[in-house]
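Just protein15.cif here, mmCIF, C-alpha atoms:
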```cif
data_final
loop_
_atom_site.label_atom_id
_atom_site.label_comp_id
_atom_site.auth_asym_id
_atom_site.auth_seq_id
_atom_site.Cartn_x
_atom_site.Cartn_y
_atom_site.Cartn_z
CA MET A 1 11.67 19.99 11.37
CA ILE A 2 13.65 20.76 8.19
CA ARG A 3 12.94 17.28 6.84
CA LEU A 4 9.22 17.69 7.49
CA ILE A 5 9.21 21.03 5.67
CA LEU A 6 11.08 19.56 2.69
CA VAL A 7 8.71 16.60 2.50
CA ALA A 8 5.71 18.94 2.68
CA ILE A 9 7.15 21.10 -0.11
CA VAL A 10 7.60 18.05 -2.35
CA LEU A 11 4.13 16.71 -1.58
CA PHE A 12 2.19 19.93 -2.04
CA GLY A 13 4.44 21.00 -4.91
CA PHE A 14 3.64 17.77 -6.72
CA LEU A 15 -0.09 18.22 -6.13
CA ILE A 16 -0.13 21.83 -7.33
CA LEU A 17 2.30 21.46 -10.23
CA GLY A 18 0.59 18.19 -11.06
CA ILE A 19 -2.69 19.93 -11.98
CA PRO A 20 -1.68 20.31 -15.64
CA LEU A 21 -0.22 16.79 -15.49
CA LEU A 22 -3.63 15.45 -14.47
CA LEU A 23 -5.10 17.12 -17.53
CA ILE A 24 -2.38 15.68 -19.75
CA GLU A 25 -2.93 12.24 -18.23
CA TRP A 26 -6.66 12.54 -18.93
CA VAL A 27 -5.97 13.34 -22.59
CA ILE A 28 -3.47 10.47 -22.86
CA GLY A 29 -6.08 8.11 -21.44
CA LYS A 30 -8.45 8.97 -24.26
CA PHE A 31 -5.96 7.50 -26.73
CA ASN A 32 -3.96 4.93 -24.77
CA GLN A 33 -5.17 3.84 -21.31
CA LYS A 34 -2.15 1.64 -20.62
CA TRP A 35 0.23 4.51 -21.34
CA LYS A 36 -1.75 6.72 -18.97
CA ASP A 37 -1.76 4.05 -16.25
CA TYR A 38 1.99 3.55 -16.29
CA SER A 39 2.90 7.21 -16.71
CA SER A 40 0.76 8.03 -13.65
CA LEU A 41 2.40 5.18 -11.75
CA ARG A 42 5.95 6.29 -12.55
CA LEU A 43 5.24 9.97 -11.80
CA VAL A 44 3.88 9.18 -8.34
CA GLN A 45 6.64 6.67 -7.66
CA GLY A 46 9.22 9.30 -8.57
CA ALA A 47 7.70 11.75 -6.07
CA PHE A 48 7.55 9.07 -3.37
CA LYS A 49 11.19 8.05 -3.94
CA LEU A 50 12.21 11.69 -3.53
CA ILE A 51 10.21 11.94 -0.31
CA MET A 52 11.85 8.80 1.08
CA PHE A 53 15.28 10.19 0.16
CA MET A 54 14.51 13.37 2.08
CA THR A 55 13.56 11.45 5.22
CA GLY A 56 17.09 10.07 5.42
CA VAL A 57 15.70 6.61 6.17
CA LYS A 58 18.11 3.69 5.95
CA LEU A 59 15.99 0.98 4.37
CA THR A 60 16.79 -2.73 4.52
CA VAL A 61 14.72 -4.69 1.98
CA ILE A 62 14.40 -8.48 2.19
CA GLY A 63 12.79 -10.84 -0.30
CA GLU A 64 11.84 -8.32 -2.98
CA GLU A 65 12.66 -11.00 -5.57
CA ASN A 66 9.61 -12.92 -4.26
CA VAL A 67 7.20 -10.38 -5.79
CA PRO A 68 5.90 -11.69 -9.15
CA LYS A 69 6.47 -9.24 -12.00
CA ASP A 70 4.12 -10.95 -14.47
CA LYS A 71 0.86 -11.15 -12.52
CA ALA A 72 -1.33 -9.21 -10.14
CA VAL A 73 -0.96 -9.93 -6.43
CA LEU A 74 -2.67 -9.03 -3.18
CA TYR A 75 -0.20 -7.24 -0.92
CA VAL A 76 -1.00 -7.60 2.78
CA GLY A 77 0.91 -5.44 5.25
CA ASN A 78 1.01 -4.28 8.84
CA HIS A 79 0.36 -0.57 9.27
CA ARG A 80 2.16 1.81 11.62
CA SER A 81 2.87 4.98 9.64
CA TYR A 82 1.78 7.22 6.79
CA PHE A 83 5.16 6.36 5.31
CA ASP A 84 4.13 2.71 4.90
CA VAL A 85 2.30 3.69 1.73
CA VAL A 86 5.01 6.02 0.46
CA MET A 87 7.77 3.46 1.01
CA THR A 88 6.00 0.42 -0.43
CA TYR A 89 4.26 2.12 -3.35
CA ALA A 90 7.58 3.46 -4.58
CA ARG A 91 8.68 -0.15 -5.07
CA CYS A 92 5.63 -1.65 -6.82
CA PRO A 93 6.74 -3.25 -10.11
CA ARG A 94 3.32 -2.98 -11.77
CA LEU A 95 -0.01 -1.18 -11.47
CA THR A 96 -1.18 -1.31 -7.86
CA GLY A 97 -4.18 0.17 -6.13
CA TYR A 98 -4.19 0.67 -2.38
CA VAL A 99 -7.31 0.29 -0.25
CA ALA A 100 -7.80 3.59 1.59
CA LYS A 101 -10.43 4.90 3.96
CA ILE A 102 -13.29 6.71 2.25
CA GLU A 103 -12.37 9.94 4.05
CA MET A 104 -9.50 10.35 1.57
CA LEU A 105 -12.07 11.44 -1.01
CA ARG A 106 -12.28 14.75 0.85
CA TYR A 107 -8.92 15.87 -0.49
CA PRO A 108 -8.97 17.23 -4.04
CA LEU A 109 -5.99 16.51 -6.33
CA LEU A 110 -4.79 13.76 -3.98
CA ARG A 111 -7.96 11.78 -4.63
CA ASP A 112 -7.57 12.36 -8.39
CA TRP A 113 -4.12 10.81 -8.42
CA MET A 114 -5.39 7.96 -6.24
CA LYS A 115 -8.21 7.28 -8.68
CA ASN A 116 -5.71 7.32 -11.56
CA LEU A 117 -3.77 4.66 -9.68
CA TYR A 118 -6.83 2.42 -9.12
CA CYS A 119 -7.01 3.00 -5.37
CA LEU A 120 -10.16 1.78 -3.64
CA PHE A 121 -12.02 3.81 -1.02
CA LEU A 122 -13.51 1.76 1.80
CA ASP A 123 -16.40 2.89 4.00
CA ARG A 124 -15.80 0.82 7.13
CA ASP A 125 -19.23 1.70 8.53
CA ASP A 126 -21.24 0.54 5.50
CA ILE A 127 -21.28 -3.23 4.95
CA LYS A 128 -22.86 -3.01 1.48
CA ALA A 129 -20.37 -0.39 0.35
CA GLY A 130 -17.54 -2.52 1.76
CA LEU A 131 -18.74 -5.49 -0.28
CA LYS A 132 -18.78 -3.36 -3.43
CA THR A 133 -15.21 -2.30 -2.70
CA ILE A 134 -14.13 -5.95 -2.42
CA LEU A 135 -15.90 -6.81 -5.68
CA LYS A 136 -14.18 -3.90 -7.39
CA GLY A 137 -10.83 -5.13 -6.08
CA ILE A 138 -11.58 -8.59 -7.48
CA GLU A 139 -12.31 -7.01 -10.85
CA TYR A 140 -9.05 -5.06 -10.77
CA ILE A 141 -6.98 -8.14 -9.92
CA LYS A 142 -8.61 -10.10 -12.74
CA ASN A 143 -7.58 -7.24 -15.05
CA GLY A 144 -3.96 -7.47 -13.91
CA ILE A 145 -3.92 -4.69 -11.30
CA SER A 146 -2.42 -5.58 -7.93
CA ILE A 147 -4.15 -4.47 -4.73
CA CYS A 148 -2.59 -3.59 -1.38
CA ILE A 149 -4.50 -3.83 1.88
CA PHE A 150 -3.74 -3.23 5.55
CA PRO A 151 -6.16 -5.72 7.16
CA GLU A 152 -5.76 -4.34 10.66
CA GLY A 153 -8.22 -1.71 9.44
CA THR A 154 -6.31 1.32 10.72
CA ARG A 155 -2.84 2.48 11.72
CA ASN A 156 -1.88 0.47 14.77
CA HIS A 157 0.10 2.20 17.52
CA HIS A 158 0.95 -1.00 19.40
CA ASP A 159 3.62 -3.65 18.91
CA GLU A 160 1.14 -6.49 18.40
CA LEU A 161 -0.86 -6.72 15.21
CA LEU A 162 -4.59 -6.08 15.44
CA PRO A 163 -6.85 -8.97 14.32
CA PHE A 164 -7.08 -9.12 10.53
CA LYS A 165 -10.43 -8.55 8.83
CA GLU A 166 -11.27 -11.87 7.15
CA GLY A 167 -13.31 -10.15 4.44
CA SER A 168 -10.23 -8.38 3.16
CA MET A 169 -8.83 -11.72 1.96
CA LYS A 170 -11.76 -12.41 -0.37
CA MET A 171 -9.90 -10.72 -3.22
CA ALA A 172 -7.27 -13.45 -3.14
CA GLU A 173 -9.75 -16.26 -2.49
CA LYS A 174 -11.99 -15.32 -5.41
CA THR A 175 -9.22 -14.64 -7.93
CA GLY A 176 -6.61 -17.21 -6.90
CA CYS A 177 -3.94 -14.51 -7.04
CA PRO A 178 -0.86 -14.89 -4.84
CA ILE A 179 -0.71 -13.08 -1.51
CA ILE A 180 2.51 -11.22 -0.75
CA LEU A 181 2.94 -10.34 2.92
CA MET A 182 4.82 -7.10 3.61
CA SER A 183 6.26 -6.80 7.10
CA MET A 184 7.44 -3.35 8.13
CA ASN A 185 9.49 -2.63 11.22
CA ASN A 186 10.13 0.78 12.78
CA THR A 187 8.22 2.94 10.27
CA SER A 188 6.49 4.85 13.07
CA ALA A 189 9.97 6.03 14.14
CA ILE A 190 10.12 8.13 10.97
CA LEU A 191 7.40 10.54 12.10
CA GLU A 192 4.58 9.30 14.35
CA ASP A 193 6.74 8.53 17.41
CA HIS A 194 7.91 12.15 17.62
CA PHE A 195 5.55 14.22 15.48
CA PRO A 196 6.13 16.81 13.97
CA PHE A 197 9.77 15.81 13.52
CA ILE A 198 10.96 13.43 10.81
CA ARG A 199 13.95 11.42 12.00
CA SER A 200 16.48 9.49 9.99
CA THR A 201 16.03 5.92 11.18
CA HIS A 202 16.51 2.30 10.17
CA VAL A 203 13.47 0.57 8.65
CA VAL A 204 13.17 -3.07 7.62
CA LEU A 205 10.78 -4.10 4.84
CA GLU A 206 10.35 -7.79 4.00
CA TYR A 207 8.30 -9.41 1.25
CA SER A 208 7.16 -12.98 1.82
CA LYS A 209 7.17 -15.73 -0.75
CA PRO A 210 3.86 -15.92 -2.64
CA ILE A 211 1.03 -17.56 -0.72
CA TYR A 212 -1.56 -19.28 -2.92
CA PRO A 213 -4.83 -19.88 -1.04
CA LYS A 214 -5.63 -23.01 -3.06
CA GLU A 215 -2.40 -24.63 -1.80
CA LEU A 216 -3.35 -24.18 1.87
CA SER A 217 -5.27 -26.65 4.00
CA LYS A 218 -9.04 -26.39 4.27
CA GLU A 219 -8.76 -24.92 7.78
CA GLU A 220 -6.15 -22.35 6.70
CA ARG A 221 -8.30 -21.29 3.74
CA LYS A 222 -11.34 -20.96 6.00
CA PHE A 223 -9.48 -18.52 8.28
CA LEU A 224 -7.13 -17.01 5.71
CA GLY A 225 -6.96 -13.70 7.57
CA ALA A 226 -5.82 -15.40 10.78
CA TYR A 227 -3.29 -17.45 8.82
CA CYS A 228 -1.78 -14.36 7.20
CA GLU A 229 -1.81 -12.50 10.53
CA LYS A 230 0.20 -15.33 12.12
CA GLN A 231 2.73 -15.43 9.28
CA LEU A 232 3.12 -11.65 9.24
CA THR A 233 3.53 -11.51 13.04
CA GLU A 234 6.40 -13.99 12.76
CA MET A 235 8.08 -11.86 10.10
CA VAL A 236 7.74 -8.65 12.12
CA THR A 237 9.04 -10.34 15.29
CA ARG A 238 12.01 -11.86 13.48
CA ASN A 239 13.02 -8.63 11.77
CA GLN A 240 12.88 -6.61 14.99
CA LYS A 241 16.29 -8.13 15.75
CA LEU A 242 17.75 -6.41 12.67
CA LEU A 243 17.16 -2.88 13.98
#
```
Give the structure from the file, written as structure tokens.
Amino acid sequence: MIRLILVAIVLFGFLILGIPLLLIEWVIGKFNQKWKDYSSLRLVQGAFKLIMFMTGVKLTVIGEENVPKDKAVLYVGNHRSYFDVVMTYARCPRLTGYVAKIEMLRYPLLRDWMKNLYCLFLDRDDIKAGLKTILKGIEYIKNGISICIFPEGTRNHHDELLPFKEGSMKMAEKTGCPIILMSMNNTSAILEDHFPFIRSTHVVLEYSKPIYPKELSKEERKFLGAYCEKQLTEMVTRNQKLL
């Protein structure tokens, strides 16, 4: 329980103390947008790194050298825990927006930081709105901003991956950007498996080598979501042996 309290203090402390920082970031953006973008990124990453330190998680990272530092990518990950975002965002080498459910717009301050970080808000019940979100993601990637998606569509509480949403891969298909698969093992053991307690546990995070849709076969490109789901399932299954 102590870890949960400490994490909550850091999170809410950052949001409250960050109110003047949001104002400062807004002013900075009027003069230098790039400076604002990267200062927002590093501030949030610093808070997330502190949160991960407080969880006591032992993290094994594999293949981080596979992530391109000079171009935008589409990160594709499995999703088991709230800490998936905290853990992976803390390691992003460049501007990255995460696709989140539209309900996140209900939370003031949090949504402001998310907007600063180019996060996208997806309404899963509105097809037209979903298409606009994909088009916005394509625009971001073309402008050098990476995007991270969890194509299962929600946090999955089972061992097997849920079927990937094929539409979520359009951002890579239309831009030609590399896809980086992120397999995460045991993240639900941090909190969700025994809520409200945060436990120190061993987590494995692996980054795949870049996948370029244009280099795949016609059949693989046609069902890119299924292809990525198969590759990610193999990574998750393999890394389960490391726990």
>> On this structure, the PyMOL selection byres ((chain A and resi 213) around 12) would catch which residues? List them as number ranges by chain, sorted by chain and number.
In response: A: 73-74, 169-180, 210-212, 214-225, 227-228
> Quick one, how far is atom CA of A:Ile147 from atom CA of A:Ala72?
Replying inline: 7.7 Å
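Atom CA of A:Leu105 to atom CA of A:Leu232 spans 29.5 Å [interatomic distance, one decimal].
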> Neighbours of A:Leu11 within 9 Å (all atoms listed in the file; same-chain residues fewer than 4 positions away dropped), as a PyMOL selection string?
Replying inline: chain A and resi 6-7+15-16+47-48+51
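Within the 10 Å cut-off around stretch 37-39 of chain A, using only C-alpha atoms and omitting residues fewer than 3 positions from it on the same chain, the listed residues are Glu25, Ile28, Gly29, Asn32, Gln33, Lys34, Arg42, Leu43, Val44, Gln45, Arg94, Leu95, Thr96, Asn116, Leu117 and Tyr118 of chain A.
Using all atoms listed in the file, the shortest contact distance between A:Ile102 and any of A:His79, A:Lys115, A:Lys71, A:Arg124 is found at A:Arg124.
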> Could you name the residues that touch A:Leu205 at 12 Å or less, counting only C-alpha atoms, but leaving out those on the same chain fewer than 6 positions away, as JSON, numbers by chain?
Replying inline: {"A": [57, 58, 59, 60, 61, 62, 63, 64, 77, 78, 79, 83, 84, 85, 87, 88, 91, 181, 182, 183, 184, 185, 186, 187, 232, 235, 236, 238, 239, 240, 242, 243]}
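Note that atom CA of A:Tyr140 and atom CA of A:Pro93 are 15.9 Å apart.
Of the listed residues (A:Leu110, A:Leu41, A:Leu23, A:Ile141), A:Leu41 comes nearest to A:Ala90; the distances count only C-alpha atoms.
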Could you work out an axis-aligned bounding box for all listed atoms of stretch 192-195 of chain A, with 4 Å added on each of the six sides, and give its centre and edge lengths in Å to one decimal, as lines of an AutoDock Vina configuration file?
```
center_x = 6.2
center_y = 11.4
center_z = 16.0
size_x = 11.3
size_y = 13.7
size_z = 11.3
```
